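> Structure file entry.cif (mmCIF, C-alpha atoms and all ligand atoms) right here:
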```
data_final
loop_
_atom_site.label_atom_id
_atom_site.label_comp_id
_atom_site.auth_asym_id
_atom_site.auth_seq_id
_atom_site.Cartn_x
_atom_site.Cartn_y
_atom_site.Cartn_z
CA MET A 1 33.40 20.26 -3.03
CA ASP A 2 30.72 22.31 -4.79
CA LYS A 3 27.42 21.04 -6.16
CA GLY A 4 26.94 21.18 -9.92
CA TYR A 5 23.45 20.64 -11.28
CA LEU A 6 20.60 18.41 -10.13
CA LEU A 7 20.91 15.19 -12.11
CA HIS A 8 18.07 13.22 -10.58
CA GLU A 9 15.46 13.64 -7.86
CA GLY A 10 13.92 10.56 -6.32
CA LYS A 11 11.45 10.15 -3.46
CA ALA A 12 14.12 10.23 -0.74
CA LYS A 13 17.29 11.54 -2.37
CA ARG A 14 18.62 14.14 -4.80
CA VAL A 15 21.66 13.40 -6.94
CA TYR A 16 23.92 16.26 -8.08
CA THR A 17 26.93 16.45 -10.33
CA LEU A 18 30.05 18.11 -8.94
CA GLU A 19 31.38 21.46 -10.13
CA ASP A 20 33.76 20.78 -12.98
CA THR A 21 36.86 21.86 -11.08
CA GLU A 22 39.38 19.45 -9.61
CA GLY A 23 38.27 19.07 -5.99
CA GLU A 24 40.77 19.97 -3.30
CA ASP A 25 40.65 16.29 -2.27
CA GLY A 26 41.66 15.20 -5.77
CA PHE A 27 38.34 13.58 -6.68
CA ASP A 28 37.66 13.67 -10.39
CA PRO A 29 34.33 15.54 -10.67
CA LYS A 30 33.37 13.54 -13.75
CA GLU A 31 33.70 10.24 -11.89
CA HIS A 32 31.79 11.28 -8.77
CA LEU A 33 28.38 12.49 -7.70
CA LEU A 34 26.91 14.09 -4.61
CA VAL A 35 23.88 12.48 -2.99
CA GLU A 36 21.62 14.49 -0.70
CA PHE A 37 19.23 12.67 1.62
CA LYS A 38 15.81 14.34 1.79
CA ASP A 39 13.43 14.50 4.73
CA SER A 40 10.55 13.10 2.65
CA ILE A 41 9.22 9.67 3.46
CA SER A 42 6.98 7.71 1.11
CA ALA A 43 5.34 4.32 0.81
CA PHE A 44 3.04 2.32 -1.44
CA ASP A 45 4.47 3.65 -4.71
CA GLY A 46 4.39 7.24 -3.52
CA VAL A 47 0.70 7.11 -2.54
CA LYS A 48 1.52 7.83 1.10
CA VAL A 49 4.00 10.67 1.65
CA ASP A 50 5.12 12.88 4.50
CA GLU A 51 7.94 15.14 5.58
CA MET A 52 9.97 14.17 8.63
CA PRO A 53 12.55 16.75 9.66
CA GLU A 54 15.93 15.10 10.39
CA LYS A 55 15.12 11.89 8.51
CA GLY A 56 17.74 12.81 5.90
CA VAL A 57 20.37 13.34 8.58
CA LEU A 58 19.56 9.99 10.21
CA ASN A 59 19.62 8.04 6.93
CA ASN A 60 22.88 9.66 5.82
CA LYS A 61 24.50 8.69 9.14
CA ILE A 62 23.10 5.15 9.12
CA SER A 63 23.91 4.44 5.47
CA SER A 64 27.43 5.89 5.83
CA ILE A 65 28.17 3.69 8.84
CA ILE A 66 26.96 0.55 7.02
CA TYR A 67 28.83 1.36 3.79
CA THR A 68 32.01 2.09 5.76
CA PHE A 69 31.64 -1.34 7.42
CA LEU A 70 31.10 -3.04 4.03
CA GLU A 71 34.11 -1.26 2.48
CA GLU A 72 36.22 -2.44 5.44
CA GLN A 73 35.06 -5.97 4.60
CA ASP A 74 36.33 -5.53 1.00
CA VAL A 75 32.88 -5.08 -0.58
CA SER A 76 33.16 -2.69 -3.55
CA THR A 77 30.61 0.09 -3.21
CA HIS A 78 29.97 3.53 -4.67
CA PHE A 79 30.40 5.14 -1.24
CA VAL A 80 33.40 7.45 -0.92
CA LYS A 81 32.64 9.49 2.19
CA LYS A 82 30.02 11.37 4.17
CA LEU A 83 30.44 15.05 3.32
CA ASN A 84 28.16 16.71 5.85
CA SER A 85 24.94 16.01 7.75
CA LYS A 86 22.80 15.32 4.66
CA GLU A 87 25.25 14.65 1.84
CA MET A 88 27.61 11.90 0.76
CA LEU A 89 30.16 11.67 -2.03
CA VAL A 90 29.79 8.61 -4.27
CA LYS A 91 31.42 7.13 -7.36
CA ARG A 92 29.41 7.77 -10.49
CA VAL A 93 27.84 4.51 -11.70
CA ASP A 94 25.37 3.45 -14.31
CA ILE A 95 22.59 2.04 -12.12
CA ILE A 96 21.29 -1.38 -13.17
CA PRO A 97 17.49 -0.99 -12.97
CA LEU A 98 17.01 -3.94 -10.64
CA GLU A 99 15.88 -3.92 -7.03
CA VAL A 100 17.54 -6.86 -5.36
CA VAL A 101 15.52 -7.90 -2.32
CA ILE A 102 17.08 -10.28 0.20
CA ARG A 103 14.88 -11.91 2.83
CA ASN A 104 16.09 -13.62 6.01
CA ILE A 105 12.92 -13.61 8.10
CA VAL A 106 9.34 -13.85 6.88
CA SER A 107 7.35 -10.62 6.62
CA GLY A 108 5.09 -8.92 4.07
CA SER A 109 4.52 -10.63 0.74
CA LEU A 110 5.98 -14.03 1.68
CA ILE A 111 3.00 -14.46 4.01
CA LYS A 112 0.39 -13.49 1.43
CA ARG A 113 2.01 -15.10 -1.60
CA LEU A 114 3.49 -18.32 -0.25
CA GLY A 115 1.76 -18.90 3.08
CA PHE A 116 4.81 -18.57 5.32
CA LYS A 117 4.22 -17.43 8.91
CA GLU A 118 5.33 -13.93 9.96
CA GLY A 119 8.61 -13.97 11.86
CA THR A 120 9.73 -17.42 10.66
CA ILE A 121 13.49 -17.52 10.22
CA LEU A 122 14.13 -18.71 6.67
CA LYS A 123 16.48 -21.70 6.41
CA TYR A 124 18.04 -20.18 3.30
CA PRO A 125 18.03 -16.51 2.39
CA VAL A 126 15.64 -15.64 -0.43
CA VAL A 127 16.77 -13.34 -3.26
CA GLU A 128 14.12 -11.67 -5.42
CA LEU A 129 14.63 -9.37 -8.39
CA TYR A 130 12.31 -6.49 -9.23
CA TYR A 131 12.37 -4.27 -12.30
CA LYS A 132 13.03 -0.72 -11.11
CA ASN A 133 10.35 1.02 -13.13
CA ASP A 134 7.86 3.36 -11.43
CA SER A 135 5.34 3.37 -14.29
CA LEU A 136 5.11 -0.44 -14.04
CA SER A 137 5.14 -0.38 -10.18
CA ASP A 138 8.44 -2.30 -9.93
CA PRO A 139 7.23 -5.79 -10.98
CA MET A 140 9.05 -8.94 -9.85
CA ILE A 141 11.09 -10.39 -12.73
CA ASN A 142 13.45 -13.28 -13.40
CA GLU A 143 16.62 -13.73 -15.46
CA TYR A 144 14.62 -14.58 -18.60
CA HIS A 145 12.67 -11.30 -18.42
CA ILE A 146 15.89 -9.43 -17.72
CA LYS A 147 17.58 -10.93 -20.78
CA ASN A 148 14.70 -9.91 -23.02
CA LEU A 149 14.47 -6.44 -21.50
CA GLU A 150 18.25 -6.14 -22.07
CA ILE A 151 18.78 -4.38 -18.75
CA ALA A 152 21.61 -6.66 -17.67
CA THR A 153 23.52 -9.63 -19.06
CA GLU A 154 23.22 -13.15 -17.68
CA GLU A 155 26.68 -12.77 -16.12
CA GLU A 156 25.69 -9.51 -14.50
CA VAL A 157 22.55 -11.04 -12.97
CA GLU A 158 24.68 -13.88 -11.62
CA ALA A 159 27.23 -11.40 -10.23
CA VAL A 160 24.56 -9.24 -8.61
CA THR A 161 22.91 -12.26 -6.95
CA LYS A 162 26.26 -13.60 -5.69
CA LYS A 163 27.27 -10.18 -4.34
CA ALA A 164 23.90 -9.72 -2.63
CA LEU A 165 24.27 -13.05 -0.82
CA GLU A 166 27.85 -12.21 0.20
CA ILE A 167 26.73 -8.85 1.56
CA ASN A 168 23.94 -10.65 3.43
CA GLU A 169 26.52 -12.97 5.06
CA LEU A 170 28.20 -9.84 6.42
CA LEU A 171 25.15 -7.81 7.36
CA VAL A 172 23.13 -10.47 9.23
CA PRO A 173 25.82 -10.98 11.93
CA TYR A 174 26.65 -7.25 11.89
CA PHE A 175 23.10 -6.35 12.89
CA ASN A 176 22.70 -9.37 15.15
CA GLU A 177 25.70 -8.25 17.22
CA ARG A 178 23.92 -4.93 17.60
CA ASP A 179 20.70 -6.58 18.83
CA LEU A 180 18.92 -6.07 15.51
CA LEU A 181 17.33 -8.59 13.16
CA LEU A 182 17.80 -7.88 9.46
CA VAL A 183 14.44 -9.19 8.28
CA ASP A 184 14.66 -8.12 4.62
CA TYR A 185 16.08 -5.29 2.55
CA LYS A 186 16.67 -3.93 -0.92
CA LEU A 187 20.00 -3.42 -2.64
CA GLU A 188 20.87 -1.74 -5.92
CA PHE A 189 24.00 -2.20 -8.00
CA GLY A 190 25.68 -0.14 -10.71
CA ARG A 191 28.47 -0.37 -13.27
CA ASP A 192 31.48 1.85 -12.61
CA SER A 193 33.64 3.41 -15.35
CA ASP A 194 35.54 0.10 -15.70
CA GLU A 195 32.26 -1.88 -16.01
CA ASN A 196 32.79 -3.42 -12.55
CA ILE A 197 29.55 -4.11 -10.72
CA ILE A 198 29.53 -2.36 -7.37
CA LEU A 199 26.97 -1.81 -4.64
CA ALA A 200 25.18 1.55 -4.97
CA ASP A 201 22.22 3.49 -3.52
CA GLU A 202 21.69 3.44 0.28
CA ILE A 203 21.17 0.98 3.11
CA SER A 204 18.91 2.61 5.68
CA PRO A 205 15.67 1.97 7.62
CA ASP A 206 13.89 3.22 4.47
CA SER A 207 15.13 0.18 2.56
CA CYS A 208 15.45 -2.45 5.32
CA ARG A 209 13.13 -4.15 7.74
CA LEU A 210 14.97 -4.14 11.06
CA TRP A 211 13.48 -5.53 14.27
CA ASP A 212 14.71 -5.56 17.84
CA ARG A 213 16.34 -8.97 18.35
CA GLU A 214 14.48 -9.82 21.57
CA THR A 215 11.08 -8.16 21.28
CA TYR A 216 10.71 -8.10 17.45
CA LYS A 217 9.79 -4.40 17.80
CA ILE A 218 9.69 -2.80 14.35
CA LEU A 219 12.25 0.02 14.02
CA ASP A 220 12.13 0.73 10.27
CA LYS A 221 9.86 2.34 7.64
CA ASP A 222 7.11 -0.19 8.38
CA ARG A 223 6.29 2.12 11.35
CA PHE A 224 5.30 4.71 8.71
CA ARG A 225 3.63 2.21 6.34
CA LYS A 226 1.51 0.83 9.19
CA ASP A 227 0.79 4.18 10.93
CA MET A 228 2.51 2.99 14.09
CA GLY A 229 3.96 6.41 14.98
CA GLU A 230 7.41 7.12 16.43
CA VAL A 231 9.01 6.53 13.03
CA LEU A 232 12.15 8.57 13.61
CA GLU A 233 12.47 7.19 17.14
CA GLY A 234 12.91 3.79 15.45
CA TYR A 235 15.53 5.18 13.04
CA SER A 236 17.37 6.86 15.96
CA GLU A 237 17.36 3.59 17.89
CA ILE A 238 18.98 1.84 14.90
CA LEU A 239 21.60 4.59 14.63
CA GLN A 240 22.28 4.41 18.37
CA ARG A 241 22.91 0.67 18.15
CA ILE A 242 25.14 0.69 15.07
CA SER A 243 27.15 3.71 16.15
CA GLY A 244 27.68 2.33 19.64
CA GLY A 245 26.22 5.56 21.00
CA GLU A 246 28.84 7.72 19.19
CA GLN A 247 27.20 9.93 16.60
N1 LIG A 301 12.20 -2.23 -0.47
C1 LIG A 301 12.71 -0.97 -0.74
N2 LIG A 301 12.28 -0.32 -1.87
C2 LIG A 301 11.40 -0.84 -2.73
C3 LIG A 301 10.88 -2.11 -2.46
C4 LIG A 301 11.29 -2.78 -1.32
O1 LIG A 301 13.54 -0.46 -0.02
O2 LIG A 301 11.07 -0.20 -3.74
C5 LIG A 301 12.62 -2.94 0.76
C6 LIG A 301 11.58 -2.83 1.86
O3 LIG A 301 11.84 -1.76 2.72
C7 LIG A 301 11.73 -4.16 2.57
C8 LIG A 301 12.21 -5.12 1.48
O4 LIG A 301 12.78 -4.30 0.47
O5 LIG A 301 12.72 -4.09 3.56
C9 LIG A 301 11.09 -5.97 0.91
O6 LIG A 301 10.11 -5.10 0.42
P1 LIG A 301 8.79 -5.54 -0.34
O7 LIG A 301 8.01 -4.34 -0.72
O8 LIG A 301 9.12 -6.53 -1.39
O9 LIG A 301 8.09 -6.25 0.86
P2 LIG A 301 6.79 -7.07 0.94
O10 LIG A 301 6.19 -7.13 -0.43
O11 LIG A 301 7.27 -8.34 1.45
O12 LIG A 301 5.95 -6.33 1.92
#
```
Would you mind writing the file out in structure tokens?


Amino acid sequence: MDKGYLLHEGKAKRVYTLEDTEGEDGFDPKEHLLVEFKDSISAFDGVKVDEMPEKGVLNNKISSIIYTFLEEQDVSTHFVKKLNSKEMLVKRVDIIPLEVVIRNIVSGSLIKRLGFKEGTILKYPVVELYYKNDSLSDPMINEYHIKNLEIATEEEVEAVTKKALEINELLVPYFNERDLLLVDYKLEFGRDSDENIILADEISPDSCRLWDRETYKILDKDRFRKDMGEVLEGYSEILQRISGGEQ
């Protein structure tokens, strides 16, 4: 499976097309893309950045394990397979420019904005939608804004919200059984070639808050945001727990 050209470079990933030859595995190169996880880490809209060797390898492993679990649970995703240490093969989708944040435990903005107390377990999961737009700093939006921006239809917003909550129902116990609390996280969805809405992007400690179930020790990118050190040790701990020690 050979890389074609660089289609998109984000803060933590590069997306490539595939060489326009029928892959030996029979994957149509027009319908698939190759995603490479980078070692860069960033926070606060790219204001704080660093390089962390092996972060890409860890995130590729972690995201692949979680997507494999979700596929086994009949969730439609863009994930096809992990290709090598830093790359995965995915279905080509048209990304809906929405960041779907799901919150199970209070942290971050819920404290500042609504006065909740850090660490409170929410009675009902909270879903928030943000407009994926760097120049506007990803503002929070609702279905009325989305309709006017014409980035998704009403039905699509409903579908995305329903899918996010279904995924949450699977992921909360999944992490719990592995002694991890899924505090909050961000999902992205895309439209495949048949206009089906499927889960896309990654699920990794870059996009999730994950705490140790007993001690509430932070194991995710908040270690970087808050200058706590031992960032990749946290990521490795997450990988260890979800892979059952087999990597
Ligand atoms: N998140 C992300 N990418 C973003 C924004 C948020 O992965 O561009 C994740 C983040 O890692 C966290 C959750 O979504 O797990 C909530 O993030 P947010 O920035 O909204 O948190 P808060 O404002 O509460 O600190």

> In terms of the shortest atom-to-atom distance over all atoms listed in the file, which of A:Arg92, A:Val183, A:Ser135, A:Ser243 is closest to A:Leu219?

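Nearest to A:Leu219: A:Val183.
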
> So which residues are close to (8.0, 7.9, 7.7), meaning at most 10 Å away in the file's coordinates with all atoms listed in the file counted, and can you show them as a list of chain:residue names?

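Returned residue set, sorted by chain then number, is A:Asp39, A:Ser40, A:Ile41, A:Ser42, A:Ala43, A:Lys48, A:Val49, A:Asp50, A:Glu51, A:Met52, A:Lys55, A:Pro205, A:Asp206, A:Asp220, A:Lys221, A:Asp222, A:Arg223, A:Phe224, A:Arg225, A:Lys226, A:Asp227, A:Met228, A:Gly229, A:Glu230, A:Val231, A:Leu232, A:Tyr235.
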
> For a quick check of understanding, using all atoms listed in the file, which of A:Asp45, A:Asp194, A:Glu169, A:Glu156 has the smallest distance to ligand LIG 301 (chain A)?

A:Asp45

> Using only C-alpha atoms, which of A:Val160, A:Ile95, A:Leu187, A:Leu129 sits nearest A:Ile203?

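Closest residue, counting only C-alpha atoms: A:Leu187.
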
> Rank nothing, just name the residue among A:Ala159, A:Leu199, A:Val57, A:Leu182 nearest to ligand LIG 301 (chain A), using all atoms listed in the file.

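Using all atoms listed in the file, the shortest distance to ligand LIG 301 (chain A) belongs to A:Leu182.
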
> List every residue of chain A that has an atom at most 7 Å from any atom of ligand LIG 301 (chain A), and for each one report the closest atom pair and its distance in Å to one decimal, counting all atoms listed in the file, with rows sorted by chain and then by increasing residue number, as CSV.


```
residue,atom,partner,partner_atom,distance
A:Glu99,CA,A:LIG301,O2,6.9
A:Val101,CA,A:LIG301,O4,5.3
A:Ser107,CA,A:LIG301,O11,5.7
A:Gly108,CA,A:LIG301,O11,3.5
A:Ser109,CA,A:LIG301,O11,3.6
A:Leu110,CA,A:LIG301,O11,5.8
A:Asp184,CA,A:LIG301,O5,4.6
A:Tyr185,CA,A:LIG301,O5,3.7
A:Lys186,CA,A:LIG301,O4,4.1
A:Asp206,CA,A:LIG301,O3,5.7
A:Ser207,CA,A:LIG301,O1,3.1
A:Cys208,CA,A:LIG301,O5,3.6
A:Arg209,CA,A:LIG301,O5,4.2
A:Lys221,CA,A:LIG301,O3,6.7
```

> Between atom CA of A:Arg103 and atom CA of A:Gly244, what distance in Å does the model show, to one decimal?

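So the answer is 25.5 Å.
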
> So what do you get for atom CA of A:Tyr216 versus atom CA of A:Ile242, distance-wise?

17.1 Å

> List the spatial neighbours of A:Gly56 as a VMD selection string - criterion: any atom at most 6 Å away, all atoms listed in the file, same-chain residues fewer than 2 positions off excluded.

chain A and resid 37 to 39 54 58 to 59 86

> Restricting the calculation to all atoms listed in the file, which member of A:Glu118, A:Pro173, A:Val100, A:Arg213 is positioned closest to A:Pro139?

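Under the stated criterion, the closest residue is A:Val100.
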
> Between A:His32, A:Lys123, A:Lys117, A:Lys112, which residue has the minimum interatomic distance to A:His78, considering all atoms listed in the file?

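For A:His78, the nearest of the given residues is A:His32.
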
> Could you give me, as a list in words, the residues within 9 Å of A:Glu19, counting all atoms listed in the file and dropping anything in the same chain fewer than 4 positions from it?

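The contact residues come out as Met1, Asp2, Lys3, Gly4, Tyr5, Gly23, Pro29 and Lys30 of chain A.
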
> What is the distance, in Å and to one decimal place, between atom CA of A:Asp94 and atom CA of A:Ser193?

8.3 Å

> With all atoms listed in the file as the counted atoms, please give the residues lying no more than 12 Å from A:Ser76, apart from itself and same-chain residues fewer than 5 positions off, as an NGL selection string.

:A and (67-71 or 90-91 or 160 or 163-164 or 166-167 or 189-192 or 196-200)
